[in-house]
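Peer 1: Data file run25.cif (mmCIF, C-alpha atoms and all ligand atoms) is appended below.
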data_structure
#
loop_
_atom_site.label_atom_id
_atom_site.label_comp_id
_atom_site.auth_asym_id
_atom_site.auth_seq_id
_atom_site.Cartn_x
_atom_site.Cartn_y
_atom_site.Cartn_z
CA MET A 1 169.45 -42.17 30.02
CA ILE A 2 172.07 -42.54 27.28
CA LYS A 3 172.58 -46.16 28.21
CA ASN A 4 168.85 -46.75 27.88
CA MET A 5 168.72 -44.96 24.58
CA LEU A 6 171.63 -47.02 23.30
CA LYS A 7 169.89 -50.15 24.52
CA ILE A 8 166.69 -49.17 22.74
CA SER A 9 168.58 -48.21 19.59
CA PHE A 10 170.53 -51.44 19.65
CA ARG A 11 167.37 -53.48 20.19
CA LEU A 12 165.61 -51.63 17.43
CA ILE A 13 168.49 -52.19 15.03
CA LEU A 14 168.67 -55.83 16.01
CA ILE A 15 164.95 -56.24 15.49
CA ILE A 16 165.07 -54.43 12.19
CA CYS A 17 168.04 -56.44 10.99
CA LEU A 18 166.18 -59.62 11.81
CA LEU A 19 162.80 -58.50 10.58
CA ILE A 20 163.49 -56.63 7.39
CA PRO A 21 166.99 -57.14 6.11
CA GLY A 22 166.13 -55.08 3.06
CA THR A 23 165.93 -51.92 5.12
CA ILE A 24 169.15 -52.14 7.09
CA ASP A 25 170.61 -49.11 5.35
CA PRO A 26 168.23 -46.38 6.58
CA LEU A 27 168.20 -47.96 10.00
CA ALA A 28 171.92 -47.94 10.33
CA VAL A 29 171.42 -44.20 10.24
CA TYR A 30 168.70 -44.44 12.83
CA ALA A 31 171.43 -45.29 15.34
CA ALA A 32 172.72 -41.71 14.93
CA SER A 33 169.27 -40.26 15.37
CA LYS A 34 167.48 -39.93 18.70
CA ALA A 35 164.13 -39.29 17.08
CA ASN A 36 161.10 -41.36 18.01
CA THR A 37 158.74 -39.97 15.37
CA ILE A 38 158.91 -38.55 11.87
CA ALA A 39 158.15 -35.13 13.39
CA GLU A 40 161.25 -35.48 15.58
CA LEU A 41 163.27 -36.63 12.58
CA LYS A 42 162.16 -33.48 10.79
CA GLU A 43 163.17 -31.36 13.80
CA GLU A 44 166.59 -32.98 13.67
CA LEU A 45 166.71 -32.23 9.95
CA ASN A 46 165.91 -28.56 10.61
CA LYS A 47 168.68 -28.38 13.19
CA LEU A 48 171.09 -29.92 10.68
CA LYS A 49 170.00 -27.35 8.11
CA GLN A 50 170.63 -24.55 10.64
CA GLU A 51 174.06 -26.00 11.37
CA LYS A 52 174.67 -26.10 7.64
CA ALA A 53 173.63 -22.46 7.21
CA GLN A 54 175.91 -21.45 10.09
CA SER A 55 178.78 -23.40 8.61
CA ASP A 56 178.10 -21.79 5.21
CA ASN A 57 178.27 -18.36 6.88
CA GLU A 58 181.52 -19.22 8.60
CA LYS A 59 182.92 -20.42 5.31
CA GLU A 60 181.91 -17.18 3.61
CA LEU A 61 183.41 -15.10 6.42
CA THR A 62 186.66 -17.07 6.31
CA GLN A 63 186.82 -16.70 2.53
CA SER A 64 186.28 -12.93 2.79
CA GLN A 65 189.05 -12.74 5.42
CA ILE A 66 191.34 -14.60 3.03
CA ASN A 67 190.40 -12.17 0.26
CA GLN A 68 191.06 -9.22 2.60
CA ASN A 69 194.53 -10.56 3.39
CA ILE A 70 195.26 -11.11 -0.29
CA GLN A 71 194.21 -7.49 -0.87
CA ASN A 72 196.50 -6.39 1.99
CA ILE A 73 199.44 -8.15 0.38
CA GLN A 74 198.68 -6.60 -2.99
CA ASN A 75 198.47 -3.12 -1.41
CA ALA A 76 201.71 -3.65 0.49
CA ASP A 77 203.40 -4.85 -2.69
CA LYS A 78 202.25 -1.67 -4.46
CA GLU A 79 203.53 0.49 -1.59
CA LYS A 80 206.81 -1.39 -1.65
CA ALA A 81 207.21 -0.71 -5.37
CA GLN A 82 206.53 2.97 -4.70
CA ILE A 83 209.09 3.07 -1.91
CA GLN A 84 211.66 1.40 -4.12
CA GLU A 85 211.03 4.11 -6.69
CA GLU A 86 211.53 6.74 -4.00
CA VAL A 87 214.74 5.06 -2.85
CA THR A 88 216.03 5.09 -6.43
CA ALA A 89 215.06 8.76 -6.77
CA ALA A 90 216.87 9.59 -3.52
CA GLN A 91 219.93 7.66 -4.66
CA ASN A 92 219.89 9.53 -7.98
CA LYS A 93 219.62 12.83 -6.14
CA ILE A 94 222.55 11.86 -3.89
CA THR A 95 224.64 10.94 -6.94
CA GLU A 96 223.65 14.23 -8.59
CA CYS A 97 224.60 16.21 -5.46
CA GLU A 98 227.88 14.39 -5.15
CA LYS A 99 228.68 15.26 -8.75
CA GLU A 100 227.78 18.87 -8.15
CA ILE A 101 229.87 18.92 -4.98
CA GLU A 102 232.77 17.66 -7.00
CA GLU A 103 232.25 20.39 -9.60
CA VAL A 104 231.88 23.13 -6.99
CA THR A 105 234.89 21.78 -5.13
CA VAL A 106 236.98 21.97 -8.29
CA GLU A 107 235.69 25.46 -8.98
CA THR A 108 236.36 26.52 -5.41
CA GLN A 109 239.80 25.03 -5.48
CA GLU A 110 240.51 27.01 -8.62
CA LEU A 111 239.29 30.16 -6.93
CA LEU A 112 241.31 29.44 -3.87
CA LYS A 113 244.39 29.28 -5.97
CA TYR A 114 244.05 33.04 -6.35
CA TYR A 115 244.42 33.42 -2.60
CA GLN A 116 247.48 31.24 -2.35
CA LEU A 117 249.96 34.09 -2.76
CA THR A 118 252.48 32.57 -0.40
CA GLN A 119 252.97 29.68 -2.75
CA GLY A 120 254.10 32.05 -5.44
CA GLU A 121 250.92 31.68 -7.34
CA ASN A 122 250.09 35.08 -8.69
CA GLN A 123 247.02 34.49 -10.81
CA TYR A 124 244.94 36.24 -8.15
CA ILE A 125 247.27 39.22 -8.13
CA GLU A 126 247.27 39.18 -11.87
CA TYR A 127 243.51 39.07 -11.83
CA ILE A 128 243.22 41.80 -9.26
CA THR A 129 245.96 44.00 -10.71
CA GLY A 130 244.59 43.40 -14.19
CA ALA A 131 241.78 45.72 -13.23
CA SER A 132 241.80 48.84 -15.30
CA SER A 133 240.48 51.03 -12.52
CA THR A 134 240.15 51.05 -8.78
CA THR A 135 236.45 50.54 -9.11
CA GLU A 136 237.04 47.44 -11.19
CA LEU A 137 239.71 46.33 -8.74
CA ILE A 138 237.22 46.52 -5.84
CA MET A 139 234.64 44.75 -7.95
CA ARG A 140 237.09 42.02 -8.83
CA ILE A 141 238.09 41.49 -5.20
CA ALA A 142 234.42 41.44 -4.20
CA ALA A 143 233.58 39.02 -7.04
CA VAL A 144 236.23 36.54 -5.96
CA GLU A 145 235.00 36.72 -2.37
CA GLN A 146 231.39 36.42 -3.44
CA ILE A 147 232.07 33.45 -5.69
CA SER A 148 233.94 31.83 -2.84
CA ASP A 149 231.12 32.56 -0.37
CA TYR A 150 228.56 31.38 -2.89
CA ASN A 151 230.41 28.15 -3.42
CA GLN A 152 230.80 27.52 0.27
CA LYS A 153 227.09 28.12 0.75
CA LYS A 154 226.29 25.82 -2.14
CA LEU A 155 228.57 23.09 -0.79
CA LYS A 156 226.84 23.35 2.56
CA GLU A 157 223.45 23.10 0.87
CA LEU A 158 224.49 20.13 -1.21
CA ASP A 159 225.91 18.43 1.83
CA ALA A 160 222.68 19.06 3.69
CA LEU A 161 220.71 17.67 0.74
CA ILE A 162 222.80 14.49 0.70
CA ILE A 163 222.23 14.01 4.41
CA GLU A 164 218.51 14.61 3.89
CA LYS A 165 218.38 12.04 1.11
CA GLN A 166 220.41 9.56 3.13
CA ASN A 167 218.01 10.02 6.04
CA LEU A 168 215.13 9.51 3.60
CA GLN A 169 216.74 6.28 2.44
CA VAL A 170 216.97 5.03 6.02
CA GLU A 171 213.35 6.00 6.58
CA LEU A 172 212.26 4.23 3.39
CA ALA A 173 214.21 1.10 4.30
CA GLU A 174 212.36 1.05 7.63
CA LYS A 175 209.04 1.48 5.84
CA GLU A 176 209.94 -1.34 3.50
CA LYS A 177 210.75 -3.56 6.46
CA GLU A 178 207.38 -2.72 8.00
CA LEU A 179 205.63 -3.57 4.75
CA GLU A 180 207.49 -6.85 4.50
CA ALA A 181 206.42 -7.69 8.04
CA LYS A 182 202.83 -6.84 7.06
CA ILE A 183 203.08 -9.10 4.01
CA ASP A 184 204.50 -11.92 6.13
CA ALA A 185 201.68 -11.48 8.68
CA SER A 186 199.05 -11.53 5.93
CA ALA A 187 200.61 -14.60 4.32
CA ALA A 188 200.59 -16.36 7.71
CA ALA A 189 196.95 -15.32 8.21
CA ILE A 190 196.03 -16.67 4.78
CA SER A 191 197.71 -19.99 5.51
CA SER A 192 195.88 -20.31 8.84
CA LEU A 193 192.56 -19.19 7.32
CA LYS A 194 192.95 -21.72 4.53
CA GLY A 195 193.38 -24.40 7.18
CA GLN A 196 190.20 -23.19 8.86
CA LEU A 197 188.39 -23.19 5.53
CA SER A 198 189.38 -26.74 4.75
CA ALA A 199 188.22 -27.82 8.23
CA LEU A 200 184.94 -25.98 7.63
CA ASN A 201 184.60 -27.71 4.27
CA GLU A 202 184.93 -31.04 6.00
CA VAL A 203 182.34 -30.07 8.60
CA ASN A 204 180.09 -28.90 5.80
CA GLU A 205 180.45 -32.15 3.88
CA ASP A 206 179.71 -34.06 7.04
CA ILE A 207 176.55 -32.03 7.63
CA ASP A 208 175.59 -32.54 3.99
CA SER A 209 175.85 -36.29 4.31
CA GLN A 210 173.90 -36.17 7.59
CA ILE A 211 171.19 -34.16 5.84
CA ASN A 212 171.09 -36.70 3.01
CA ASN A 213 170.82 -39.55 5.47
CA GLN A 214 168.13 -37.75 7.44
CA ASN A 215 166.15 -37.12 4.26
CA ALA A 216 166.46 -40.80 3.29
CA LEU A 217 165.34 -41.78 6.78
CA ILE A 218 162.31 -39.46 6.68
CA LYS A 219 161.38 -40.74 3.23
CA TYR A 220 161.72 -44.31 4.42
CA TYR A 221 159.51 -43.78 7.48
CA GLU A 222 157.00 -41.70 5.55
CA GLY A 223 156.51 -44.81 3.41
CA ILE A 224 155.68 -47.04 6.36
CA CYS A 225 154.22 -44.77 9.07
CA ASP A 226 150.62 -43.58 9.24
CA SER A 227 151.50 -40.12 10.56
CA ASP A 228 154.40 -37.90 11.59
CA THR A 229 153.61 -38.57 15.25
CA GLN A 230 153.37 -42.36 15.17
CA PRO A 231 156.24 -43.95 17.13
CA LEU A 232 158.83 -45.23 14.65
CA SER A 233 158.98 -48.57 16.46
CA GLU A 234 155.31 -49.12 15.57
CA CYS A 235 155.91 -48.19 11.94
CA VAL A 236 158.57 -50.87 11.76
CA LYS A 237 156.08 -53.53 12.87
CA VAL A 238 153.68 -52.40 10.19
CA ALA A 239 156.45 -52.69 7.65
CA SER A 240 157.34 -56.21 8.61
CA ASN A 241 153.71 -57.28 8.58
CA SER A 242 153.14 -55.77 5.18
CA GLY A 243 155.73 -58.11 3.69
CA TRP A 244 155.12 -61.21 5.75
CA THR A 245 151.95 -62.92 6.87
CA LYS A 246 151.48 -65.99 9.04
CA PRO A 247 150.88 -69.18 7.06
CA LEU A 248 148.20 -70.38 9.48
CA VAL A 249 145.06 -68.60 10.63
CA LYS A 250 145.63 -69.70 14.21
CA GLY A 251 148.31 -71.50 16.11
CA LYS A 252 151.22 -71.09 18.48
CA VAL A 253 154.96 -71.43 18.22
CA THR A 254 155.99 -74.73 19.77
CA SER A 255 159.64 -74.46 18.89
CA ASN A 256 161.53 -71.23 18.32
CA TRP A 257 163.93 -70.32 15.59
CA GLY A 258 167.51 -70.57 16.79
CA TYR A 259 169.40 -72.90 19.04
CA ARG A 260 167.37 -75.44 21.01
CA VAL A 261 167.51 -78.90 22.49
CA ASP A 262 166.79 -81.14 19.53
CA PRO A 263 163.45 -82.92 20.22
CA ILE A 264 164.53 -86.00 18.28
CA THR A 265 168.24 -86.41 19.00
CA GLY A 266 168.25 -84.67 22.40
CA ALA A 267 171.35 -82.77 21.32
CA ALA A 268 171.89 -79.87 23.70
CA SER A 269 172.21 -77.12 21.16
CA SER A 270 171.13 -77.81 17.63
CA PHE A 271 170.20 -75.02 15.29
CA HIS A 272 166.53 -74.87 14.33
CA ASN A 273 166.21 -72.95 11.06
CA ALA A 274 162.46 -72.32 11.44
CA VAL A 275 159.56 -71.82 13.80
CA ASP A 276 157.45 -74.88 14.46
CA ILE A 277 153.77 -73.99 14.50
CA GLY A 278 151.50 -76.27 16.47
CA GLY A 279 147.92 -76.12 17.63
CA ASN A 280 146.41 -77.27 14.34
CA ALA A 281 145.15 -80.71 13.41
CA GLU A 282 146.57 -82.53 10.42
CA GLY A 283 144.82 -81.34 7.26
CA THR A 284 144.50 -77.69 8.38
CA PRO A 285 145.02 -75.34 5.39
CA ILE A 286 148.46 -73.74 5.10
CA TYR A 287 148.60 -70.40 3.28
CA SER A 288 151.56 -68.97 1.52
CA GLY A 289 153.13 -66.53 4.00
CA THR A 290 154.32 -64.36 1.09
CA ASN A 291 153.65 -63.73 -2.56
CA GLY A 292 156.03 -65.81 -4.62
CA THR A 293 156.77 -68.72 -6.92
CA VAL A 294 156.94 -72.39 -6.01
CA ALA A 295 160.59 -73.28 -6.55
CA ALA A 296 160.66 -76.91 -5.42
CA ILE A 297 158.63 -79.69 -3.86
CA THR A 298 160.66 -82.44 -2.19
CA ARG A 299 160.07 -85.44 -0.02
CA LYS A 300 162.57 -86.58 2.51
CA SER A 301 161.59 -89.49 4.66
CA SER A 302 164.58 -89.18 7.00
CA CYS A 303 163.34 -85.80 8.09
CA GLY A 304 160.96 -83.21 6.75
CA GLY A 305 158.49 -85.35 4.82
CA ASN A 306 156.80 -83.37 2.09
CA MET A 307 158.43 -79.97 1.73
CA ILE A 308 157.56 -76.95 -0.37
CA TYR A 309 160.10 -74.20 -1.15
CA ILE A 310 158.75 -70.87 -2.34
CA HIS A 311 160.87 -68.05 -3.74
CA SER A 312 159.65 -64.62 -2.69
CA GLU A 313 160.84 -61.11 -2.96
CA VAL A 314 159.98 -59.16 0.20
CA ASN A 315 160.92 -55.50 0.61
CA GLY A 316 163.23 -55.85 -2.38
CA LYS A 317 165.11 -58.88 -1.02
CA ALA A 318 165.15 -62.47 -2.21
CA TYR A 319 164.01 -65.18 0.22
CA THR A 320 163.26 -68.89 0.14
CA ILE A 321 160.44 -70.01 2.42
CA GLN A 322 160.35 -73.61 3.50
CA TYR A 323 157.14 -75.43 4.52
CA ALA A 324 157.95 -78.85 5.92
CA HIS A 325 156.06 -81.90 7.27
CA VAL A 326 153.02 -81.04 5.11
CA LEU A 327 150.31 -83.63 4.59
CA THR A 328 149.04 -82.59 1.15
CA VAL A 329 150.69 -80.40 -1.47
CA ASN A 330 148.23 -78.16 -3.35
CA VAL A 331 150.70 -76.39 -5.71
CA LYS A 332 153.07 -77.26 -8.53
CA VAL A 333 156.63 -76.18 -9.19
CA GLY A 334 156.67 -72.90 -11.13
CA GLN A 335 153.24 -71.83 -9.91
CA THR A 336 152.91 -68.29 -8.65
CA VAL A 337 151.19 -67.96 -5.31
CA THR A 338 149.82 -65.12 -3.24
CA ILE A 339 149.25 -64.83 0.48
CA ASN A 340 145.62 -65.81 -0.17
CA ASP A 341 146.47 -69.22 -1.65
CA VAL A 342 146.26 -72.44 0.32
CA ILE A 343 149.42 -74.22 -0.74
CA ALA A 344 149.30 -77.29 1.53
CA THR A 345 147.80 -78.81 4.67
CA VAL A 346 149.35 -79.50 8.04
CA GLY A 347 151.03 -82.89 8.48
CA GLY A 348 153.71 -84.23 10.78
CA GLY A 349 151.30 -86.30 12.86
CA ALA A 350 149.97 -89.82 12.62
CA GLN A 351 149.06 -89.62 8.94
CA THR A 352 152.64 -88.86 7.87
CA SER A 353 154.59 -90.71 10.50
CA TYR A 354 155.36 -93.61 8.20
CA TYR A 355 157.41 -91.43 5.81
CA ASP A 356 158.35 -88.46 8.01
CA ARG A 357 160.47 -89.76 10.83
CA CYS A 358 161.50 -86.57 12.58
CA SER A 359 158.20 -85.08 13.62
CA THR A 360 156.79 -85.48 17.10
CA GLY A 361 153.25 -84.34 16.27
CA ALA A 362 151.12 -82.36 13.81
CA HIS A 363 152.87 -79.05 13.09
CA LEU A 364 154.24 -76.85 10.35
CA HIS A 365 157.99 -76.24 10.17
CA TYR A 366 158.13 -72.73 8.68
CA GLY A 367 161.65 -71.62 7.72
CA ILE A 368 163.00 -68.57 5.94
CA SER A 369 166.41 -68.13 4.35
CA THR A 370 167.79 -65.26 2.34
CA GLY A 371 168.52 -65.85 -1.35
CA TYR A 372 166.96 -68.39 -3.70
CA TYR A 373 167.63 -71.93 -2.54
CA LEU A 374 167.49 -74.62 -5.26
CA GLY A 375 168.33 -72.24 -8.06
CA GLY A 376 166.86 -69.17 -9.60
CA GLY A 377 167.93 -65.57 -9.82
CA ALA A 378 171.24 -63.93 -9.10
CA ASP A 379 170.93 -65.02 -5.45
CA GLY A 380 170.45 -68.67 -6.39
CA TYR A 381 172.26 -71.54 -4.66
CA SER A 382 171.63 -75.24 -4.18
CA SER A 383 173.62 -76.09 -1.08
CA TRP A 384 171.56 -77.22 1.92
CA SER A 385 174.25 -76.01 4.32
CA LYS A 386 174.08 -72.57 2.75
CA PHE A 387 170.30 -72.65 3.06
CA VAL A 388 170.63 -73.33 6.78
CA ALA A 389 173.41 -70.77 7.17
CA SER A 390 171.24 -68.17 5.40
CA SER A 391 168.35 -68.79 7.77
CA VAL A 392 166.69 -65.69 9.26
CA LYS A 393 164.19 -65.50 12.08
CA PRO A 394 160.60 -65.60 10.80
CA VAL A 395 158.81 -62.37 11.64
CA GLY A 396 155.48 -61.45 13.16
CA PHE A 397 155.03 -64.39 15.51
CA PRO A 398 154.14 -63.98 19.19
CA ALA A 399 156.31 -65.57 21.85
CA LYS A 400 156.51 -69.32 22.12
CA GLY A 401 153.27 -70.82 23.41
CA VAL A 402 151.17 -67.69 22.80
CA TRP A 403 148.17 -68.30 20.58
CA TRP A 404 147.23 -66.12 17.63
CA TYR A 405 143.97 -66.04 15.74
CA SER A 406 144.78 -63.96 12.67
CA ARG A 407 147.29 -64.30 9.89
CA PHE A 408 147.86 -60.53 9.79
ZN ZN A 501 160.84 -77.63 12.84
#
How would this structure read if it were set down as structure tokens?
Peer 2:
Amino acid sequence: MIKNMLKISFRLILIICLLIPGTIDPLAVYAASKANTIAELKEELNKLKQEKAQSDNEKELTQSQINQNIQNIQNADKEKAQIQEEVTAAQNKITECEKEIEEVTVETQELLKYYQLTQGENQYIEYITGASSTTELIMRIAAVEQISDYNQKKLKELDALIIEKQNLQVELAEKEKELEAKIDASAAAISSLKGQLSALNEVNEDIDSQINNQNALIKYYEGICDSDTQPLSECVKVASNSGWTKPLVKGKVTSNWGYRVDPITGAASSFHNAVDIGGNAEGTPIYSGTNGTVAAITRKSSCGGNMIYIHSEVNGKAYTIQYAHVLTVNVKVGQTVTINDVIATVGGGAQTSYYDRCSTGAHLHYGISTGYYLGGGADGYSSWSKFVASSVKPVGFPAKGVWWYSRF
């Protein structure tokens, strides 16, 4: 199936390349298309547009995921800043507590001095005995004990507070680590999503160019097909015929374009740059196969006899059309001709044999080369070898030996 399709595609491209060189570009695209009609081309276009819409959606989704991850990082950064503030606050509190502990410790130590009777310190005794009454004495003893108790309680509280704040710091450090891990994960996600996005962009561009090509292809075939359902292969024949007509009303190809056994020299494989059209008597009218301008009229007795070269633009491309072995020449150099003009009559037979030594009977040698041979235009050249090298197969002729009875 695929092999067949490839075969058909290849044949079609080959035919097109040979028939209408001016339209190679859209048909190069045809190779990628499996469509047989404009309608099918349009179906393919719709599918491409669906693919494009899907790819656009995926792009949007990926972009929103990237944005979400950026938001996550920003939030985590904010949280981190908050935590750092809390850590600082905890540290400040710890410092404050430590200072207070120091103060209380000093105060307590001072108080304790009153108890240290054994060391000969008698401030406590002095303080106690300094009481003016027993009641005051009891109060003083109680006060010292209370202050001492109070301080011990306070020290315990401060110690507990420091531990609490230290625990908080550990907790905050863990939270910060978690946030950093979150930020790292989001950054990794962004990097991967950006990779996906760039791949999607490439896919999207590819679909875009396919859509452009498909549109060009549809436009091209709409110009040459009668309907959306006409097989494209038929449209192509119409296109070739619209640019080229046969130079003779009836006839048959007696010698094909391409390599052949030379009828004069017998060489096994000489290149024949034209189709030879037989089946017409000498003097039969020869029409211009294309609209164009007569570029040159030459006479070469060694081979070719009277020859007319016409410059034509067909499907936007420059060609030189050669009519050789003619009996009479009905046009002048510089004259514009249309496909309705009789430009010459068939020779190559008995009437021309005395000056045209390479013809084996009445026929028209009808050759086509790309560019303008014998000067003229940007494509102009004057080398005969280039003219032969630029030769393309004349279009619209039936197989060798098959008669036709219409120029169109
Ligand atoms: Zn020939």
Peer 1: Once you count only C-alpha atoms and all ligand atoms, which residues end up within 6 Å of ligand ZN 501 (chain A), and could you hand them over as a list in words?
Peer 2: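 Checked against 6 Å with only C-alpha atoms and all ligand atoms; the hits are Ala274, Asp276 and His365 of chain A.
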Peer 1: Can you pull out the residues contacting stretch 292-309 of chain A? Cut-off 9 Å, using all atoms listed in the file, and skip same-chain residues under 5 positions away; I want them as a JSON list (two decimals) with C-alpha atoms, in the frame of the given file.
Peer 2:
[["chain", "number", "residue", "atom", "x", "y", "z"],
["A", 320, "THR", "CA", 163.26, -68.89, 0.14],
["A", 321, "ILE", "CA", 160.44, -70.01, 2.42],
["A", 322, "GLN", "CA", 160.35, -73.61, 3.50],
["A", 323, "TYR", "CA", 157.14, -75.43, 4.52],
["A", 324, "ALA", "CA", 157.95, -78.85, 5.92],
["A", 325, "HIS", "CA", 156.06, -81.90, 7.27],
["A", 326, "VAL", "CA", 153.02, -81.04, 5.11],
["A", 327, "LEU", "CA", 150.31, -83.63, 4.59],
["A", 328, "THR", "CA", 149.04, -82.59, 1.15],
["A", 329, "VAL", "CA", 150.69, -80.40, -1.47],
["A", 331, "VAL", "CA", 150.70, -76.39, -5.71],
["A", 332, "LYS", "CA", 153.07, -77.26, -8.53],
["A", 333, "VAL", "CA", 156.63, -76.18, -9.19],
["A", 334, "GLY", "CA", 156.67, -72.90, -11.13],
["A", 335, "GLN", "CA", 153.24, -71.83, -9.91],
["A", 336, "THR", "CA", 152.91, -68.29, -8.65],
["A", 337, "VAL", "CA", 151.19, -67.96, -5.31],
["A", 338, "THR", "CA", 149.82, -65.12, -3.24],
["A", 339, "ILE", "CA", 149.25, -64.83, 0.48],
["A", 343, "ILE", "CA", 149.42, -74.22, -0.74],
["A", 344, "ALA", "CA", 149.30, -77.29, 1.53],
["A", 347, "GLY", "CA", 151.03, -82.89, 8.48],
["A", 348, "GLY", "CA", 153.71, -84.23, 10.78],
["A", 352, "THR", "CA", 152.64, -88.86, 7.87],
["A", 353, "SER", "CA", 154.59, -90.71, 10.50],
["A", 354, "TYR", "CA", 155.36, -93.61, 8.20],
["A", 355, "TYR", "CA", 157.41, -91.43, 5.81],
["A", 356, "ASP", "CA", 158.35, -88.46, 8.01],
["A", 357, "ARG", "CA", 160.47, -89.76, 10.83],
["A", 358, "CYS", "CA", 161.50, -86.57, 12.58],
["A", 359, "SER", "CA", 158.20, -85.08, 13.62],
["A", 365, "HIS", "CA", 157.99, -76.24, 10.17],
["A", 372, "TYR", "CA", 166.96, -68.39, -3.70],
["A", 373, "TYR", "CA", 167.63, -71.93, -2.54],
["A", 374, "LEU", "CA", 167.49, -74.62, -5.26],
["A", 375, "GLY", "CA", 168.33, -72.24, -8.06],
["A", 376, "GLY", "CA", 166.86, -69.17, -9.60]]
Peer 1: Taking only C-alpha atoms into account, which of A:Ala173, A:Ile70, A:Ile83, A:Leu61 comes nearest A:Ser191?
Peer 2: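 Using only C-alpha atoms, the shortest distance to A:Ser191 belongs to A:Ile70.
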Peer 1: Between A:Ile207, A:Leu45, A:Ala143, A:Ile38, which has the minimum distance to A:Asp226 (counting all atoms listed in the file)?
Peer 2: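 Of A:Ile207, A:Leu45, A:Ala143, A:Ile38, the one nearest A:Asp226, counting all atoms listed in the file, is A:Ile38.
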Peer 1: What does the distance between atom CA of A:Trp384 and atom CA of A:Thr370 come to in Å, to one decimal place?
Peer 2: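 Spanning atom CA of A:Trp384 to atom CA of A:Thr370 is a straight-line distance of 12.5 Å.
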Peer 1: By how many Å are atom CA of A:Val392 and atom CA of A:Lys252 apart?
Peer 2: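 One can read the atom CA of A:Val392 to atom CA of A:Lys252 distance as 18.8 Å.
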Peer 1: Write out as a ChimeraX atom specification each polymer residue whose atoms come within 9 Å of A:His272, counting all atoms listed in the file; drop sequence neighbours fewer than 3 positions from it.
Peer 2: /A:255-260,262,275,367,388
Peer 1: Go through A:Lys49, A:Ala362, A:Lys219, A:Thr95 and flag the residue nearest A:Ala281, using all atoms listed in the file for the distances.
Peer 2: A:Ala362
Peer 1: Would you compute, for all listed atoms of stretch 55-59 of chain A, the axis-aligned bounding box grown by 3 Å on each side, and then report its centre and edge lengths in Å rounded to one decimal, as lines of an AutoDock Vina configuration file?
Peer 2:
center_x = 180.5
center_y = -20.9
center_z = 6.9
size_x = 10.8
size_y = 11.0
size_z = 9.4
Peer 1: Go through A:Lys400, A:Lys182, A:Lys165, A:Lys317 one by one, measure the shortest atom-to-atom distance of each to A:Cys97 using all atoms listed in the file, and give the residue with the smallest value.
Peer 2: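 Checking each of A:Lys400, A:Lys182, A:Lys165, A:Lys317 against A:Cys97, counting all atoms listed in the file, the winner is A:Lys165.
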